[in-house]
Amino acid sequence: MLKGKTALVTGSTSGIGLGIARALAQQGANVVLNGFGDVEGPRAEVQAAGQAHGAKVAYHGADMSRVADIEDMVDYSVRNFGQVDILVNNAGIQHVAPIQEFAPERWDAVIAINLSSAFHATRLVLPAMQAADNGRGWGRIINVASVHGLVGSAQKSAYVAAKHGLIGLTKVCALENATTGITCNAICPGWVLTPLVQKQVDAKAADQGISIEEATKQLLSEKEPSLQFTTPEELGALAVFFCSPAGANVRGVAWNMDGGWAAQ
Ligand code: NAD
């Protein structure tokens with residue numbers, strides 16, 4: 001379905017971004033990966049996912065807190081594949097502390113990586129998306145927000161502010177392109193067991209002197225009525241839907257996959 005398209009997925013060396021990159025490659029899209037840590041493992045996984053379609057995989061190590069890096073990453077994607085048709089703004093970090101103890105530099109980092117980076121990548125890919133398809137425009141912008149874009153939780157001021165902001169950005173981008181073939185939507189996961197969440201489970205276990213298993217159970221039962229983690233595969237399938245012809249008039253939504261978290 002996505003053969004010949006190119007997807008740039010930020011923060012895709014791990015967790016949700018990697019799941020979405022795999023799902024898009026399975027549909028035939030070329031993928032530009034981004035993120036820190038091991039690159040060869042994720043590259044091989046995405047390559048294998050897209051093998052049947054001959055989808056190509058590239059990587060750029062932009063630090064999403066740096067505007068010049070983001071510009072360089074978009075230029076690199078265009079040089080490699082012609083243009084970016086699908087942008088998935090996924091890179092994100094978490095920091096947990098009450099507001100009065102929240103280090104200002106952690107606030108700045110969370111806002112830069114979880115919110116401002118999406119603005120910069122979006123403004124850089126939009127002109128080519130708007131010119132695509134003989135000037136009618138085609139593109140998909142998918143912002144990985146969070147259930148924390150819809151509701152708050154104590155100790156997560158920067159994250160909750162960034163994710164609410166990201167949903168606002170999603171709506172404006174959807175409206176500004178509403179008469180074109182470019183859609184912009186947000187995905188709002190509840191708990192997904194990735195390294196970002198494992199750190200919170202480990203901290204809970206250490207703080208309370210309980211096992212990892214008990215801490216995991218507590219984490220889910222506090223917020224997520226299904227008592228189940230959402231998986232990167234499920235989130236990848238939602239991203240594929242947004243990219244499909246059936247998703248062409250889905251515009252500006254913030255779509256939860258949160259086990260009922262925000263329904264409470
Ligand atoms: P993760 O820690 O597994 O992956 C984060 C990715 O972002 C990694 O590839 C990492 O290298 C990359 N990254 C971090 N800082 C970066 C930077 N400065 N520049 C470039 N890349 C950077 O986390 P995850 O759980 O997969 O989270 C992915 C997204 O999903 C985040 O935006 C997060 O807020 C959101 N989210 C996660 C959950 C969850 O429960 N895990 C829930 C809701 C939303």
# chains A, B, ... in the order shown; residues from 1 in each chain; ligands from 1
>>> closest_atom_pairs(of="segment 62-96 of chain A", to="segment 150-168 of chain A", cutoff="7 Å", atoms="only C-alpha atoms", output="Markdown table")
| residue | atom | partner | partner_atom | distance |
| --- | --- | --- | --- | --- |
| A:Gln94 | CA | A:Tyr159 | CA | 6.3 |
| A:His95 | CA | A:Lys156 | CA | 6.7 |
| A:Val96 | CA | A:Gln155 | CA | 5.2 |
>>> residues_near_ligand(ligand="ligand 1", cutoff="6 Å", atoms="only C-alpha atoms and all ligand atoms", output="ChimeraX atom specification")
/A:11-17,35-37,62-65,90-93,113-114,144-146,189-197
>>> residues_around(residues="Ile20 of chain A", least_positions_apart="4", cutoff="7 Å", atoms="only C-alpha atoms", output="VMD selection string")
chain A and resid 16 24 232 235 to 236 239
>>> write_last_selection(atoms="N, CA and C atoms", output="mmCIF file, in the first residue's frame")
data_model
loop_
_atom_site.group_PDB
_atom_site.id
_atom_site.type_symbol
_atom_site.label_atom_id
_atom_site.label_comp_id
_atom_site.auth_asym_id
_atom_site.auth_seq_id
_atom_site.Cartn_x
_atom_site.Cartn_y
_atom_site.Cartn_z
ATOM 1 N N ILE A 16 8.016 2.425 20.632
ATOM 2 C CA ILE A 16 6.863 2.712 19.774
ATOM 3 C C ILE A 16 7.315 3.145 18.371
ATOM 4 N N LEU A 24 5.185 0.439 8.869
ATOM 5 C CA LEU A 24 5.175 1.198 7.608
ATOM 6 C C LEU A 24 6.028 0.483 6.554
ATOM 7 N N PRO A 232 3.531 -1.798 20.680
ATOM 8 C CA PRO A 232 4.012 -1.056 19.508
ATOM 9 C C PRO A 232 3.376 -1.567 18.210
ATOM 10 N N LEU A 235 -0.005 0.054 17.832
ATOM 11 C CA LEU A 235 0.164 1.466 17.465
ATOM 12 C C LEU A 235 0.619 1.582 16.016
ATOM 13 N N GLY A 236 1.449 0.625 15.570
ATOM 14 C CA GLY A 236 1.881 0.598 14.169
ATOM 15 C C GLY A 236 0.695 0.405 13.238
ATOM 16 N N ALA A 239 -1.124 3.648 12.850
ATOM 17 C CA ALA A 239 -0.388 4.547 11.942
ATOM 18 C C ALA A 239 -0.639 4.145 10.488
#
>>> closest_residue(among="A:Ile141, A:Ala44, A:Cys188, A:Leu175", to="Ala262 of chain A", atoms="only C-alpha atoms")
A:Cys188
>>> select_by_dssp(residues="segment 97-181 of chain A", states="alpha helix (DSSP H)", output="MDAnalysis selection string")
chainID A and resid 104:111 117:131 157:176
>>> residues_around(residues="segment 210-212 of chain A", least_positions_apart="5", cutoff="12 Å", atoms="only C-alpha atoms", output="ChimeraX atom specification")
/A:198-205,217-219
>>> write_last_selection(atoms="N, CA and C atoms", output="short mmCIF file (atom, residue, chain, number, x, y, z; two decimals), in the first residue's frame")
data_model
loop_
_atom_site.label_atom_id
_atom_site.label_comp_id
_atom_site.auth_asym_id
_atom_site.auth_seq_id
_atom_site.Cartn_x
_atom_site.Cartn_y
_atom_site.Cartn_z
N GLN A 198 9.66 1.23 31.41
CA GLN A 198 10.38 0.30 32.30
C GLN A 198 11.12 1.07 33.39
N LYS A 199 11.67 2.25 33.02
CA LYS A 199 12.37 3.08 34.01
C LYS A 199 11.42 3.48 35.14
N GLN A 200 10.15 3.78 34.79
CA GLN A 200 9.17 4.19 35.81
C GLN A 200 8.76 3.00 36.68
N VAL A 201 8.68 1.81 36.07
CA VAL A 201 8.38 0.59 36.84
C VAL A 201 9.52 0.32 37.82
N ASP A 202 10.76 0.40 37.32
CA ASP A 202 11.92 0.11 38.16
C ASP A 202 11.99 1.09 39.35
N ALA A 203 11.69 2.38 39.07
CA ALA A 203 11.73 3.39 40.15
C ALA A 203 10.66 3.10 41.19
N LYS A 204 9.48 2.68 40.74
CA LYS A 204 8.38 2.36 41.65
C LYS A 204 8.76 1.17 42.54
N ALA A 205 9.37 0.14 41.92
CA ALA A 205 9.79 -1.05 42.68
C ALA A 205 10.84 -0.67 43.72
N LYS A 217 2.11 -4.45 38.02
CA LYS A 217 0.67 -4.61 38.28
C LYS A 217 0.07 -3.32 38.84
N GLN A 218 0.79 -2.72 39.78
CA GLN A 218 0.30 -1.48 40.41
C GLN A 218 0.19 -0.35 39.39
N LEU A 219 1.23 -0.24 38.55
CA LEU A 219 1.27 0.82 37.53
C LEU A 219 0.02 0.73 36.64
#
>>> atom_distance(atom1="atom CA of Ala25 of chain A", atom2="atom CA of Gln47 of chain A")
7.5 Å
>>> residues_around(residues="His120 of chain A", least_positions_apart="6", cutoff="8 Å", atoms="only C-alpha atoms", output="PyMOL selection string")
chain A and resi 67+70-71
>>> residues_around(residues="Val74 of chain A", least_positions_apart="3", cutoff="8 Å", atoms="only C-alpha atoms", output="PyMOL selection string")
chain A and resi 70-71+77-78+84+121+124-125
>>> write_last_selection(atoms="C-alpha atoms", output="short mmCIF file (atom, residue, chain, number, x, y, z; two decimals), in the first residue's frame")
data_model
loop_
_atom_site.label_atom_id
_atom_site.label_comp_id
_atom_site.auth_asym_id
_atom_site.auth_seq_id
_atom_site.Cartn_x
_atom_site.Cartn_y
_atom_site.Cartn_z
CA ILE A 70 16.42 18.42 12.43
CA GLU A 71 17.07 20.54 9.32
CA SER A 77 15.89 12.20 3.86
CA VAL A 78 15.16 14.23 0.72
CA VAL A 84 9.24 12.79 2.91
CA ALA A 121 10.08 18.68 11.41
CA LEU A 124 10.33 21.50 7.07
CA VAL A 125 8.44 18.66 5.35
#
>>> atom_distance(atom1="atom CA of Ala7 of chain A", atom2="atom CA of Ala21 of chain A")
7.9 Å
>>> select_by_dssp(residues="segment 53-87 of chain A", states="strand (DSSP E or B)", output="MDAnalysis selection string")
chainID A and resid 57:60 86:87
>>> closest_atom_pairs(of="segment 60-179 of chain A", to="segment 242-256 of chain A", cutoff="7 Å", atoms="only C-alpha atoms", output="CSV")
residue,atom,partner,partner_atom,distance
A:Arg140,CA,A:Cys243,CA,6.2
A:Val147,CA,A:Asn256,CA,6.5
A:Ile167,CA,A:Ala254,CA,6.6
A:Thr170,CA,A:Gly252,CA,5.7
A:Lys171,CA,A:Gly252,CA,4.4
A:Ala174,CA,A:Gly252,CA,5.0
>>> atom_distance(atom1="atom CA of Thr231 of chain A", atom2="atom CA of Ile187 of chain A")
12.7 Å
>>> residues_around(residues="segment 177-179 of chain A", least_positions_apart="3", cutoff="9 Å", atoms="only C-alpha atoms", output="PDB file with N, CA and C atoms, in the first residue's frame")
ATOM      1  N   GLN A 130       2.935  19.675   0.232  1.00  0.00           N
ATOM      2  CA  GLN A 130       1.911  20.526  -0.397  1.00  0.00           C
ATOM      3  C   GLN A 130       2.064  20.566  -1.916  1.00  0.00           C
ATOM      4  N   ARG A 136      -1.777  19.041  -5.814  1.00  0.00           N
ATOM      5  CA  ARG A 136      -2.964  18.775  -4.984  1.00  0.00           C
ATOM      6  C   ARG A 136      -2.559  18.447  -3.549  1.00  0.00           C
ATOM      7  N   GLY A 137      -1.312  17.969  -3.414  1.00  0.00           N
ATOM      8  CA  GLY A 137      -0.780  17.666  -2.090  1.00  0.00           C
ATOM      9  C   GLY A 137      -1.086  16.259  -1.627  1.00  0.00           C
ATOM     10  N   VAL A 172      -4.062  22.333  14.491  1.00  0.00           N
ATOM     11  CA  VAL A 172      -3.778  23.480  13.615  1.00  0.00           C
ATOM     12  C   VAL A 172      -3.233  22.992  12.275  1.00  0.00           C
ATOM     13  N   CYS A 173      -2.334  22.031  12.304  1.00  0.00           N
ATOM     14  CA  CYS A 173      -1.748  21.501  11.065  1.00  0.00           C
ATOM     15  C   CYS A 173      -2.839  20.844  10.212  1.00  0.00           C
ATOM     16  N   ALA A 174      -3.748  20.112  10.865  1.00  0.00           N
ATOM     17  CA  ALA A 174      -4.852  19.476  10.125  1.00  0.00           C
ATOM     18  C   ALA A 174      -5.716  20.544   9.446  1.00  0.00           C
ATOM     19  N   ILE A 182      -3.171  16.228   2.546  1.00  0.00           N
ATOM     20  CA  ILE A 182      -2.283  16.084   3.711  1.00  0.00           C
ATOM     21  C   ILE A 182      -3.139  16.016   4.973  1.00  0.00           C
ATOM     22  N   THR A 183      -2.983  14.948   5.732  1.00  0.00           N
ATOM     23  CA  THR A 183      -3.703  14.866   7.008  1.00  0.00           C
ATOM     24  C   THR A 183      -2.687  14.897   8.147  1.00  0.00           C
ATOM     25  N   CYS A 184      -3.163  15.354   9.293  1.00  0.00           N
ATOM     26  CA  CYS A 184      -2.317  15.365  10.492  1.00  0.00           C
ATOM     27  C   CYS A 184      -3.165  14.887  11.662  1.00  0.00           C
ATOM     28  N   ASN A 249      -9.821  11.232   5.179  1.00  0.00           N
ATOM     29  CA  ASN A 249     -10.567  12.375   5.734  1.00  0.00           C
ATOM     30  C   ASN A 249     -10.610  12.341   7.259  1.00  0.00           C
ATOM     31  N   ARG A 251      -8.974  13.871  10.161  1.00  0.00           N
ATOM     32  CA  ARG A 251      -8.154  15.088  10.244  1.00  0.00           C
ATOM     33  C   ARG A 251      -8.232  15.698  11.639  1.00  0.00           C
TER      34      ARG A 251
END
>>> closest_residue(among="A:Ser116, A:Gln228, A:Asn89, A:Gln264", to="Ala186 of chain A", atoms="only C-alpha atoms")
A:Asn89
>>> closest_residue(among="A:Asn34, A:Gln83, A:Gln26, A:Gln208", to="Leu126 of chain A", atoms="only C-alpha atoms")
A:Gln83
>>> decode(residues="segment 79-181 of chain A", atoms="C-alpha atoms", output="PDB file, in the first residue's frame")
ATOM      1  CA  ARG A  79      18.641  13.564  -0.682  1.00  0.00           C
ATOM      2  CA  ASN A  80      18.187   9.807  -0.106  1.00  0.00           C
ATOM      3  CA  PHE A  81      14.595   9.286  -1.170  1.00  0.00           C
ATOM      4  CA  GLY A  82      13.377  12.410  -3.023  1.00  0.00           C
ATOM      5  CA  GLN A  83      10.930  13.592  -0.368  1.00  0.00           C
ATOM      6  CA  VAL A  84       9.237  12.788   2.911  1.00  0.00           C
ATOM      7  CA  ASP A  85       5.638  11.622   2.379  1.00  0.00           C
ATOM      8  CA  ILE A  86       4.955  10.404   5.919  1.00  0.00           C
ATOM      9  CA  LEU A  87       6.335  12.122   9.000  1.00  0.00           C
ATOM     10  CA  VAL A  88       5.950  10.418  12.364  1.00  0.00           C
ATOM     11  CA  ASN A  89       6.898  12.750  15.208  1.00  0.00           C
ATOM     12  CA  ASN A  90       7.571  10.198  17.901  1.00  0.00           C
ATOM     13  CA  ALA A  91      10.818  11.033  19.735  1.00  0.00           C
ATOM     14  CA  GLY A  92      10.118  11.705  23.380  1.00  0.00           C
ATOM     15  CA  ILE A  93      11.525  11.662  26.888  1.00  0.00           C
ATOM     16  CA  GLN A  94      10.008  11.709  30.350  1.00  0.00           C
ATOM     17  CA  HIS A  95      11.040  13.401  33.587  1.00  0.00           C
ATOM     18  CA  VAL A  96       9.189  12.954  36.843  1.00  0.00           C
ATOM     19  CA  ALA A  97       9.237  15.485  39.731  1.00  0.00           C
ATOM     20  CA  PRO A  98       6.830  17.873  41.465  1.00  0.00           C
ATOM     21  CA  ILE A  99       6.750  21.349  39.870  1.00  0.00           C
ATOM     22  CA  GLN A 100       8.674  23.089  42.674  1.00  0.00           C
ATOM     23  CA  GLU A 101      11.506  20.570  42.296  1.00  0.00           C
ATOM     24  CA  PHE A 102      11.392  20.230  38.493  1.00  0.00           C
ATOM     25  CA  ALA A 103      14.826  21.234  37.167  1.00  0.00           C
ATOM     26  CA  PRO A 104      14.343  24.025  34.586  1.00  0.00           C
ATOM     27  CA  GLU A 105      16.781  22.372  32.176  1.00  0.00           C
ATOM     28  CA  ARG A 106      14.710  19.142  32.291  1.00  0.00           C
ATOM     29  CA  TRP A 107      11.593  21.215  31.509  1.00  0.00           C
ATOM     30  CA  ASP A 108      13.369  22.761  28.510  1.00  0.00           C
ATOM     31  CA  ALA A 109      14.573  19.357  27.276  1.00  0.00           C
ATOM     32  CA  VAL A 110      11.124  17.728  27.523  1.00  0.00           C
ATOM     33  CA  ILE A 111       9.455  20.633  25.707  1.00  0.00           C
ATOM     34  CA  ALA A 112      12.175  20.706  23.023  1.00  0.00           C
ATOM     35  CA  ILE A 113      12.145  16.967  22.288  1.00  0.00           C
ATOM     36  CA  ASN A 114       8.439  16.168  22.820  1.00  0.00           C
ATOM     37  CA  LEU A 115       6.913  19.320  21.295  1.00  0.00           C
ATOM     38  CA  SER A 116       9.193  21.801  19.510  1.00  0.00           C
ATOM     39  CA  SER A 117      10.879  19.065  17.450  1.00  0.00           C
ATOM     40  CA  ALA A 118       7.485  18.158  15.950  1.00  0.00           C
ATOM     41  CA  PHE A 119       6.907  21.801  14.953  1.00  0.00           C
ATOM     42  CA  HIS A 120      10.328  21.992  13.281  1.00  0.00           C
ATOM     43  CA  ALA A 121      10.083  18.678  11.415  1.00  0.00           C
ATOM     44  CA  THR A 122       6.529  19.534  10.296  1.00  0.00           C
ATOM     45  CA  ARG A 123       7.396  23.011   8.979  1.00  0.00           C
ATOM     46  CA  LEU A 124      10.331  21.504   7.065  1.00  0.00           C
ATOM     47  CA  VAL A 125       8.439  18.658   5.347  1.00  0.00           C
ATOM     48  CA  LEU A 126       5.182  20.517   4.597  1.00  0.00           C
ATOM     49  CA  PRO A 127       6.210  22.505   1.474  1.00  0.00           C
ATOM     50  CA  ALA A 128       7.129  19.336  -0.475  1.00  0.00           C
ATOM     51  CA  MET A 129       3.989  17.544   0.756  1.00  0.00           C
ATOM     52  CA  GLN A 130       1.911  20.526  -0.397  1.00  0.00           C
ATOM     53  CA  ALA A 131       3.545  20.418  -3.842  1.00  0.00           C
ATOM     54  CA  ALA A 132       3.083  16.641  -4.220  1.00  0.00           C
ATOM     55  CA  ASP A 133       0.553  14.965  -6.513  1.00  0.00           C
ATOM     56  CA  ASN A 134       0.703  17.779  -9.106  1.00  0.00           C
ATOM     57  CA  GLY A 135       0.048  20.497  -6.564  1.00  0.00           C
ATOM     58  CA  ARG A 136      -2.964  18.775  -4.984  1.00  0.00           C
ATOM     59  CA  GLY A 137      -0.780  17.666  -2.090  1.00  0.00           C
ATOM     60  CA  TRP A 138      -0.325  14.315  -0.372  1.00  0.00           C
ATOM     61  CA  GLY A 139       1.153  13.623   3.023  1.00  0.00           C
ATOM     62  CA  ARG A 140       0.595  12.073   6.392  1.00  0.00           C
ATOM     63  CA  ILE A 141       1.803  13.652   9.615  1.00  0.00           C
ATOM     64  CA  ILE A 142       1.346  11.481  12.679  1.00  0.00           C
ATOM     65  CA  ASN A 143       2.190  12.882  16.092  1.00  0.00           C
ATOM     66  CA  VAL A 144       2.767  10.353  18.840  1.00  0.00           C
ATOM     67  CA  ALA A 145       1.243  12.255  21.750  1.00  0.00           C
ATOM     68  CA  SER A 146      -0.050  10.336  24.778  1.00  0.00           C
ATOM     69  CA  VAL A 147      -3.094   9.925  26.952  1.00  0.00           C
ATOM     70  CA  HIS A 148      -1.186  12.658  28.823  1.00  0.00           C
ATOM     71  CA  GLY A 149      -2.155  14.950  25.946  1.00  0.00           C
ATOM     72  CA  LEU A 150      -5.749  14.536  27.141  1.00  0.00           C
ATOM     73  CA  VAL A 151      -5.509  14.205  30.923  1.00  0.00           C
ATOM     74  CA  GLY A 152      -2.903  15.075  33.561  1.00  0.00           C
ATOM     75  CA  SER A 153      -0.917  13.057  36.095  1.00  0.00           C
ATOM     76  CA  ALA A 154       0.984  14.412  39.099  1.00  0.00           C
ATOM     77  CA  GLN A 155       4.761  14.895  38.730  1.00  0.00           C
ATOM     78  CA  LYS A 156       4.679  15.079  34.919  1.00  0.00           C
ATOM     79  CA  SER A 157       4.260  18.836  34.322  1.00  0.00           C
ATOM     80  CA  ALA A 158       6.583  19.177  31.328  1.00  0.00           C
ATOM     81  CA  TYR A 159       5.427  15.941  29.677  1.00  0.00           C
ATOM     82  CA  VAL A 160       1.716  16.712  30.122  1.00  0.00           C
ATOM     83  CA  ALA A 161       2.222  20.297  28.893  1.00  0.00           C
ATOM     84  CA  ALA A 162       4.220  19.095  25.861  1.00  0.00           C
ATOM     85  CA  LYS A 163       1.689  16.399  24.934  1.00  0.00           C
ATOM     86  CA  HIS A 164      -1.315  18.767  25.302  1.00  0.00           C
ATOM     87  CA  GLY A 165       0.659  21.195  23.109  1.00  0.00           C
ATOM     88  CA  LEU A 166       1.343  18.478  20.548  1.00  0.00           C
ATOM     89  CA  ILE A 167      -2.383  17.773  20.216  1.00  0.00           C
ATOM     90  CA  GLY A 168      -2.950  21.521  19.699  1.00  0.00           C
ATOM     91  CA  LEU A 169      -0.278  21.576  16.984  1.00  0.00           C
ATOM     92  CA  THR A 170      -1.932  18.518  15.380  1.00  0.00           C
ATOM     93  CA  LYS A 171      -5.293  20.321  15.120  1.00  0.00           C
ATOM     94  CA  VAL A 172      -3.778  23.480  13.615  1.00  0.00           C
ATOM     95  CA  CYS A 173      -1.748  21.501  11.065  1.00  0.00           C
ATOM     96  CA  ALA A 174      -4.852  19.476  10.125  1.00  0.00           C
ATOM     97  CA  LEU A 175      -6.891  22.676   9.623  1.00  0.00           C
ATOM     98  CA  GLU A 176      -4.243  24.511   7.616  1.00  0.00           C
ATOM     99  CA  ASN A 177      -4.124  21.566   5.174  1.00  0.00           C
ATOM    100  CA  ALA A 178      -7.769  20.493   5.343  1.00  0.00           C
ATOM    101  CA  THR A 179      -8.495  21.041   1.638  1.00  0.00           C
ATOM    102  CA  THR A 180      -5.428  19.056   0.535  1.00  0.00           C
ATOM    103  CA  GLY A 181      -4.340  15.431   0.581  1.00  0.00           C
TER     104      GLY A 181
END
